[in-house]
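A.B. asks: This structure is in structure tokens; I'll ask about it shortly.
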Amino acid sequence: TDKLKEHFRSKIEPYNKKVKDFVAQYGDQKMGDYTISQVYQGMRGITGLVYETSKLDPEEGIRFRGYTIPELQAKLPKYPGGKQPLPEGLFYLLLMDELPDDDAVRRMSNNWVRRAQVPPHVFKVIDSLPQHAHPMTQFIAGITALRTESEFQKAYRQGIGKKDYWDPVYEDAMNLIARLPRVAAYIYRRTYRSGDHIEPDPRLDYSANFAHMLGFDNPEFYELMRLYLTIHADHEGGNVSAHAIRLVGSALSDPYLAFAAGMAGLAGPLHGLANQEVIRWVLDMKKELGGGLPTKEEIAEYVKKTLTEGKVVPGFGHAVLRKTDPRYMAQREFALEYMPHDPMFLLISRIYEVVPGILEATGKVKNPWPNVDAHSGQLLMYYGLVEYDFYTVLFGVSRALGTMASLIWDRALGFPIERPGSTTTDLLMKKFAKE
Ligand code: FCX
């Protein structure tokens, strides 16, 4: 038996009761008003979802089940001798709402190892795409191909009842998480290493094994992967990838379909693709300025040119955050510890000094501060993972942890199909603009 699953099972009933009682007693309380502008602005600031695993505060940044990133770095179990939290532990926390001990993390790690076998047809599907297909195209195709293994799809056909949905969703979610690193590493090696694939090493933890399959057997890079996979895991429920996964999952599409939809959203340049765009933008800047470390004045010129051309400065701004992203700071601290003199780090740091003032001066950017994507590429470049088109796939592997924990809870709580209302401008004008 799966002890983790049994432990999770024990949480469902009490939590369901808590939610039901709360809604029964307070269900008709108003949560707020919203304006016509908000409806035209992507529903910004309208709280319309319950998403249990994490919550984003505009000033403070993300909390995973109540814990900030520095708190998790202190409290989550680490690899012996390591300093960074293990993402296995983060997933345990998100799913169980309980800090894991070393044993629980080891159990999670081993559980995923047992589930990690990727069926051969998935590799065939990926191999059928041209080698120049963007890694996110390959990733989404691979995830969709993995769907042949869906336990939920099978159970639904067999007529499973609603209160048991969570069980095969748990199976799919765990299998998907366990298999993603192999799929991602396969894409990396086929695209950038002539198909010279590396077998998994089941003795390694989730992050180190992923790094190993990518071809980066370096204890520092292992630590980077542990940090990277932890901090990218979840960012409350309204961001494009998490929301797409919740939405598609609510139609009882299985976790593979839901996750593929989320990854299609993550692949957009205003969301997860920003991590590759940052490096592309920085390298273009260096090329244009003739190499070397650009001065602050040169960077400012380049930023202004980007804005004049009607483009965004990638890695800066956020729809919710109103200060420097703590995920940025965690990566900056990693850089300060392991590579304080790396020229690319010095440049990223200088950009951090220059960009916010310029964005602020536009008078329209609501958050001039850097987000997670402004830093991640530099760390990867330093260790030799320089193929930046691949970066969003790494983000995607991590994003599975938060969104799958949340999706299991969606079904455990019996959330219904998501179906917000919409209207037309004509109808709005008839209602509000009649003189
Ligand atoms: N550079 C230039 N202009 C920017 C900007 C940036 N970095 N950030 C915001 N703006 C502009 C918007 O384009 C908008 O302009 P408009 O009125 O002419 O259309 C105006 O400022 C107001 O936007 P704002 O309310 O501040 O931001 P939104 O909530 O609409 O959008 C994102 C938030 C993140 C999409 C926006 O800041 C952006 O495009 N940033 C660059 C891309 C990026 O880094 N995305 C990654 C975000 C995140 F971390 C992730 O999902 O991974």
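By convention in this document, the chains of the structure tokens carry letters A, B, ... by their order, each chain's residues are numbered from 1, and ligands are numbered from 1 in the order they are shown.
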Which residues form the shell of 6 Å around ligand 1 when you count only C-alpha atoms and all ligand atoms, given as a ChimeraX atom specification?

C.D. replies: /A:270-272,274,312-319,364-367,371-373

A.B. asks: Please write the residues from the selection above to a file, keeping C-alpha atoms, as a PDB file, in the first residue's frame.

C.D. replies:
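As written to disk, result.pdb reads:
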ATOM      1  CA  LEU A 270       4.272  37.143 -20.464  1.00  0.00           C
ATOM      2  CA  HIS A 271       4.307  34.069 -18.197  1.00  0.00           C
ATOM      3  CA  GLY A 272       6.865  31.247 -17.992  1.00  0.00           C
ATOM      4  CA  ALA A 274       9.880  35.114 -19.776  1.00  0.00           C
ATOM      5  CA  VAL A 312       8.247  44.639 -22.509  1.00  0.00           C
ATOM      6  CA  VAL A 313      11.392  44.374 -20.411  1.00  0.00           C
ATOM      7  CA  PRO A 314      11.314  40.652 -19.666  1.00  0.00           C
ATOM      8  CA  GLY A 315      11.684  39.551 -16.058  1.00  0.00           C
ATOM      9  CA  PHE A 316      10.232  42.746 -14.628  1.00  0.00           C
ATOM     10  CA  GLY A 317       6.705  43.504 -13.479  1.00  0.00           C
ATOM     11  CA  HIS A 318       3.993  41.322 -12.042  1.00  0.00           C
ATOM     12  CA  ALA A 319       0.219  41.191 -12.033  1.00  0.00           C
ATOM     13  CA  LYS A 364       2.048  53.018 -15.991  1.00  0.00           C
ATOM     14  CA  VAL A 365       3.942  49.907 -14.900  1.00  0.00           C
ATOM     15  CA  LYS A 366       2.361  48.920 -11.595  1.00  0.00           C
ATOM     16  CA  ASN A 367       5.290  46.845 -10.384  1.00  0.00           C
ATOM     17  CA  ASN A 371      10.219  38.641 -10.866  1.00  0.00           C
ATOM     18  CA  VAL A 372      11.487  35.069 -10.660  1.00  0.00           C
ATOM     19  CA  ASP A 373      12.408  34.949 -14.351  1.00  0.00           C
TER      20      ASP A 373
END

A.B. asks: Name all residues at most 9 Å from Ile348 in chain A (count only C-alpha atoms; drop same-chain ones fewer than 3 positions away) and give them as a ChimeraX atom specification.

C.D. replies: /A:282,343-345,351-353,374-375,378

A.B. asks: For those residues, write C-alpha atoms to a file as an mmCIF file, in the first residue's frame.

C.D. replies:
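Result written to part.cif:
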data_model
loop_
_atom_site.group_PDB
_atom_site.id
_atom_site.type_symbol
_atom_site.label_atom_id
_atom_site.label_comp_id
_atom_site.auth_asym_id
_atom_site.auth_seq_id
_atom_site.Cartn_x
_atom_site.Cartn_y
_atom_site.Cartn_z
ATOM 1 C CA VAL A 282 20.470 40.266 -22.091
ATOM 2 C CA PRO A 343 30.157 38.361 -15.261
ATOM 3 C CA MET A 344 26.575 37.453 -16.115
ATOM 4 C CA PHE A 345 25.593 37.748 -12.445
ATOM 5 C CA ILE A 351 20.153 45.552 -14.564
ATOM 6 C CA TYR A 352 18.351 45.220 -11.213
ATOM 7 C CA GLU A 353 19.785 48.596 -10.194
ATOM 8 C CA ALA A 374 14.882 37.836 -14.167
ATOM 9 C CA HIS A 375 17.396 35.627 -12.384
ATOM 10 C CA GLN A 378 21.912 33.391 -15.180
#

A.B. asks: Tell me which protein, DNA and RNA residues are within 9 Å of Tyr206 in chain A, counting only C-alpha atoms, leaving out same-chain ones fewer than 4 positions away, and put them as a list in words.

C.D. replies: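 Listing them by chain and then by number gives Leu86, Pro87, Glu88, Ser109, Trp112, Val113, Ala178, Pro181, Pro202, Phe210, Ala211 and Arg226 of chain A.
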
A.B. asks: Would you give me, as a ChimeraX atom specification, the residues in range 297-389 of chain A that DSSP reads as alpha helix (DSSP H)?

C.D. replies: /A:297-308,326-338,343-361,373-382

A.B. asks: Write the selection just made, keeping C-alpha atoms, as a PDB file, in the first residue's frame?

C.D. replies:
ATOM      1  CA  GLU A 297      24.084  54.367 -18.627  1.00  0.00           C
ATOM      2  CA  GLU A 298      24.380  51.883 -21.467  1.00  0.00           C
ATOM      3  CA  ILE A 299      21.857  49.565 -19.821  1.00  0.00           C
ATOM      4  CA  ALA A 300      19.457  52.479 -19.302  1.00  0.00           C
ATOM      5  CA  GLU A 301      19.745  53.392 -22.995  1.00  0.00           C
ATOM      6  CA  TYR A 302      19.033  49.816 -23.996  1.00  0.00           C
ATOM      7  CA  VAL A 303      16.020  49.535 -21.678  1.00  0.00           C
ATOM      8  CA  LYS A 304      14.576  52.746 -23.083  1.00  0.00           C
ATOM      9  CA  LYS A 305      15.076  51.459 -26.604  1.00  0.00           C
ATOM     10  CA  THR A 306      13.206  48.259 -25.688  1.00  0.00           C
ATOM     11  CA  LEU A 307      10.313  50.343 -24.370  1.00  0.00           C
ATOM     12  CA  THR A 308      10.298  52.685 -27.376  1.00  0.00           C
ATOM     13  CA  PRO A 326      11.330  36.660  -3.025  1.00  0.00           C
ATOM     14  CA  ARG A 327      12.000  33.960  -5.631  1.00  0.00           C
ATOM     15  CA  TYR A 328      14.356  36.458  -7.278  1.00  0.00           C
ATOM     16  CA  MET A 329      16.029  37.136  -3.937  1.00  0.00           C
ATOM     17  CA  ALA A 330      16.495  33.420  -3.172  1.00  0.00           C
ATOM     18  CA  GLN A 331      18.276  33.013  -6.508  1.00  0.00           C
ATOM     19  CA  ARG A 332      20.329  36.147  -5.963  1.00  0.00           C
ATOM     20  CA  GLU A 333      21.502  34.751  -2.627  1.00  0.00           C
ATOM     21  CA  PHE A 334      22.446  31.508  -4.339  1.00  0.00           C
ATOM     22  CA  ALA A 335      24.500  33.484  -6.859  1.00  0.00           C
ATOM     23  CA  LEU A 336      26.152  35.548  -4.131  1.00  0.00           C
ATOM     24  CA  GLU A 337      27.201  32.350  -2.398  1.00  0.00           C
ATOM     25  CA  TYR A 338      28.389  30.270  -5.354  1.00  0.00           C
ATOM     26  CA  PRO A 343      30.157  38.361 -15.261  1.00  0.00           C
ATOM     27  CA  MET A 344      26.575  37.453 -16.115  1.00  0.00           C
ATOM     28  CA  PHE A 345      25.593  37.748 -12.445  1.00  0.00           C
ATOM     29  CA  LEU A 346      27.236  41.173 -12.273  1.00  0.00           C
ATOM     30  CA  LEU A 347      25.231  42.212 -15.317  1.00  0.00           C
ATOM     31  CA  ILE A 348      21.941  40.849 -13.904  1.00  0.00           C
ATOM     32  CA  SER A 349      22.677  42.753 -10.680  1.00  0.00           C
ATOM     33  CA  ARG A 350      23.363  45.953 -12.566  1.00  0.00           C
ATOM     34  CA  ILE A 351      20.153  45.552 -14.564  1.00  0.00           C
ATOM     35  CA  TYR A 352      18.351  45.220 -11.213  1.00  0.00           C
ATOM     36  CA  GLU A 353      19.785  48.596 -10.194  1.00  0.00           C
ATOM     37  CA  VAL A 354      18.757  50.321 -13.416  1.00  0.00           C
ATOM     38  CA  VAL A 355      15.428  48.930 -14.647  1.00  0.00           C
ATOM     39  CA  PRO A 356      12.999  49.657 -11.771  1.00  0.00           C
ATOM     40  CA  GLY A 357      13.614  53.415 -11.911  1.00  0.00           C
ATOM     41  CA  ILE A 358      12.962  53.511 -15.641  1.00  0.00           C
ATOM     42  CA  LEU A 359       9.803  51.402 -15.461  1.00  0.00           C
ATOM     43  CA  GLU A 360       8.583  53.521 -12.548  1.00  0.00           C
ATOM     44  CA  ALA A 361       9.131  56.689 -14.581  1.00  0.00           C
ATOM     45  CA  ASP A 373      12.408  34.949 -14.351  1.00  0.00           C
ATOM     46  CA  ALA A 374      14.882  37.836 -14.167  1.00  0.00           C
ATOM     47  CA  HIS A 375      17.396  35.627 -12.384  1.00  0.00           C
ATOM     48  CA  SER A 376      16.932  31.951 -13.147  1.00  0.00           C
ATOM     49  CA  GLY A 377      18.673  31.963 -16.544  1.00  0.00           C
ATOM     50  CA  GLN A 378      21.912  33.391 -15.180  1.00  0.00           C
ATOM     51  CA  LEU A 379      22.265  30.539 -12.675  1.00  0.00           C
ATOM     52  CA  LEU A 380      21.654  27.925 -15.357  1.00  0.00           C
ATOM     53  CA  MET A 381      24.061  29.608 -17.798  1.00  0.00           C
ATOM     54  CA  TYR A 382      26.789  29.572 -15.161  1.00  0.00           C
TER      55      TYR A 382
END

A.B. asks: Please report, as CSV, each residue of range 30-145 of chain A lying at most 10 Å from range 420-432 of chain A, together with the nearest pair of atoms and the separation in Å rounded to one decimal; use only C-alpha atoms, and order rows by chain and ascending residue number.

C.D. replies:
residue,atom,partner,partner_atom,distance
A:Ile36,CA,A:Leu428,CA,8.4
A:Val39,CA,A:Ser422,CA,9.2
A:Tyr40,CA,A:Thr425,CA,9.6
A:Gly48,CA,A:Pro420,CA,8.9

A.B. asks: Would you put the residues from that selection into a file with C-alpha atoms, as a PDB file, in the first residue's frame?

C.D. replies:
ATOM      1  CA  ILE A  36     -16.123  47.567 -14.991  1.00  0.00           C
ATOM      2  CA  VAL A  39     -13.587  43.121 -15.838  1.00  0.00           C
ATOM      3  CA  TYR A  40     -11.796  44.653 -18.830  1.00  0.00           C
ATOM      4  CA  GLY A  48     -12.773  34.288  -7.581  1.00  0.00           C
TER       5      GLY A  48
END

A.B. asks: Near Arg106 in chain A, counting only C-alpha atoms, which residues have an atom at most 9 Å away, once you skip same-chain residues fewer than 5 positions from it, shown as a short mmCIF file (atom, residue, chain, number, x, y, z; two decimals) with C-alpha atoms, in the first residue's frame?

C.D. replies:
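result.cif was written with the following content:
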data_model
loop_
_atom_site.label_atom_id
_atom_site.label_comp_id
_atom_site.auth_asym_id
_atom_site.auth_seq_id
_atom_site.Cartn_x
_atom_site.Cartn_y
_atom_site.Cartn_z
CA GLU A 88 9.85 16.23 -2.42
CA GLY A 89 9.34 17.88 0.96
CA ASP A 101 10.34 14.99 8.44
CA ASN A 111 7.46 6.60 -4.22
CA ASP A 205 16.90 12.41 -5.09
#

A.B. asks: I need the strand (DSSP E or B) residues of range 46-141 of chain A per DSSP on the backbone, written as a list in words.

C.D. replies: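 DSSP-assigned strand (DSSP E or B) residues in range 46-141 of chain A: Ser54, Lys55, Leu56, Asp57, Gly61, Ile62, Arg63, Phe64, Tyr67, Lys78 and Pro85 of chain A.
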
A.B. asks: May I have the residues within 6 Å of range 243-259 of chain A as a PyMOL selection string, using only C-alpha atoms and disregarding those fewer than 2 positions away in the same chain?

C.D. replies: chain A and resi 147+152+237-241+261-262+417-418

A.B. asks: Take the residues from that selection and write them out as a compact mmCIF listing (two decimals), in the first residue's frame, keeping N, CA and C atoms.

C.D. replies:
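part.txt, freshly written:
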# COMPACT_ATOMS: atom_id res chain seq x y z
N ARG A 147 -0.64 10.51 -21.46
CA ARG A 147 -2.04 10.38 -21.04
C ARG A 147 -2.61 8.98 -21.25
N PHE A 152 -7.33 8.00 -14.07
CA PHE A 152 -8.62 8.68 -13.90
C PHE A 152 -9.54 8.39 -15.08
N GLY A 237 -3.56 30.52 -7.18
CA GLY A 237 -4.37 29.86 -8.20
C GLY A 237 -4.69 30.65 -9.46
N GLY A 238 -4.43 31.96 -9.46
CA GLY A 238 -4.93 32.77 -10.57
C GLY A 238 -3.96 32.96 -11.73
N ASN A 239 -2.69 32.61 -11.56
CA ASN A 239 -1.74 32.77 -12.68
C ASN A 239 -2.16 31.84 -13.82
N VAL A 240 -1.68 32.16 -15.02
CA VAL A 240 -2.21 31.48 -16.20
C VAL A 240 -2.06 29.96 -16.13
N SER A 241 -0.89 29.47 -15.74
CA SER A 241 -0.70 28.00 -15.77
C SER A 241 -1.56 27.32 -14.70
N ALA A 261 -2.62 21.68 -20.72
CA ALA A 261 -3.23 23.00 -20.91
C ALA A 261 -2.45 24.06 -20.14
N GLY A 262 -2.10 23.75 -18.91
CA GLY A 262 -1.31 24.69 -18.11
C GLY A 262 0.03 24.99 -18.75
N ILE A 417 -17.55 22.05 -11.88
CA ILE A 417 -17.02 22.60 -13.12
C ILE A 417 -16.97 24.12 -12.99
N GLU A 418 -15.86 24.71 -13.44
CA GLU A 418 -15.69 26.17 -13.31
C GLU A 418 -16.40 26.85 -14.46

A.B. asks: With distances taken over only C-alpha atoms, which of A:Gln41, A:Thr392, A:Thr295, A:Asn175 is nearest to Val278 in chain A?

C.D. replies: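 Smallest separation from Val278 in chain A among the options: A:Thr392.
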
A.B. asks: Which residues come within 8 Å of Arg411 in chain A, counting only C-alpha atoms, excluding same-chain residues fewer than 6 positions away, as a PDB file with C-alpha atoms, in the first residue's frame?

C.D. replies:
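Below you can see selection36.pdb, which holds the result:
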ATOM      1  CA  TYR A 165     -12.432  10.935  -7.980  1.00  0.00           C
ATOM      2  CA  TRP A 166      -9.489  12.124  -5.950  1.00  0.00           C
ATOM      3  CA  VAL A 169      -6.382  11.804  -9.796  1.00  0.00           C
TER       4      VAL A 169
END

A.B. asks: Report, in Å to a single decimal, how far apart CA of Lys311 in chain A and CA of Lys287 in chain A are.

C.D. replies: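 So the answer is 18.3 Å.
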
A.B. asks: With only C-alpha atoms as the basis for distance, which of A:Val50, A:Val183, A:Ala400, A:Ile279 is at the shortest distance from Val19 in chain A?

C.D. replies: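 Smallest distance to Val19 in chain A is found for A:Val50.
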
A.B. asks: Neighbouring residues of Ile177 in chain A were defined as those with any atom within 10 Å, considering only C-alpha atoms; residues of the same chain fewer than 5 positions away were excluded. Please report them as JSON, numbers by chain.

C.D. replies: {"A": [112, 115, 116, 172, 182, 206, 397, 398, 399, 400, 401, 404]}

A.B. asks: What is the CA of Ile12 in chain A to CA of Thr144 in chain A distance in Å?

C.D. replies: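 Value for the CA of Ile12 in chain A-CA of Thr144 in chain A distance: 28.9 Å.
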
A.B. asks: Which distance in Å separates CA of Lys75 in chain A and CA of Leu99 in chain A, to one decimal?

C.D. replies: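 Straight-line distance from CA of Lys75 in chain A to CA of Leu99 in chain A works out to 7.9 Å.
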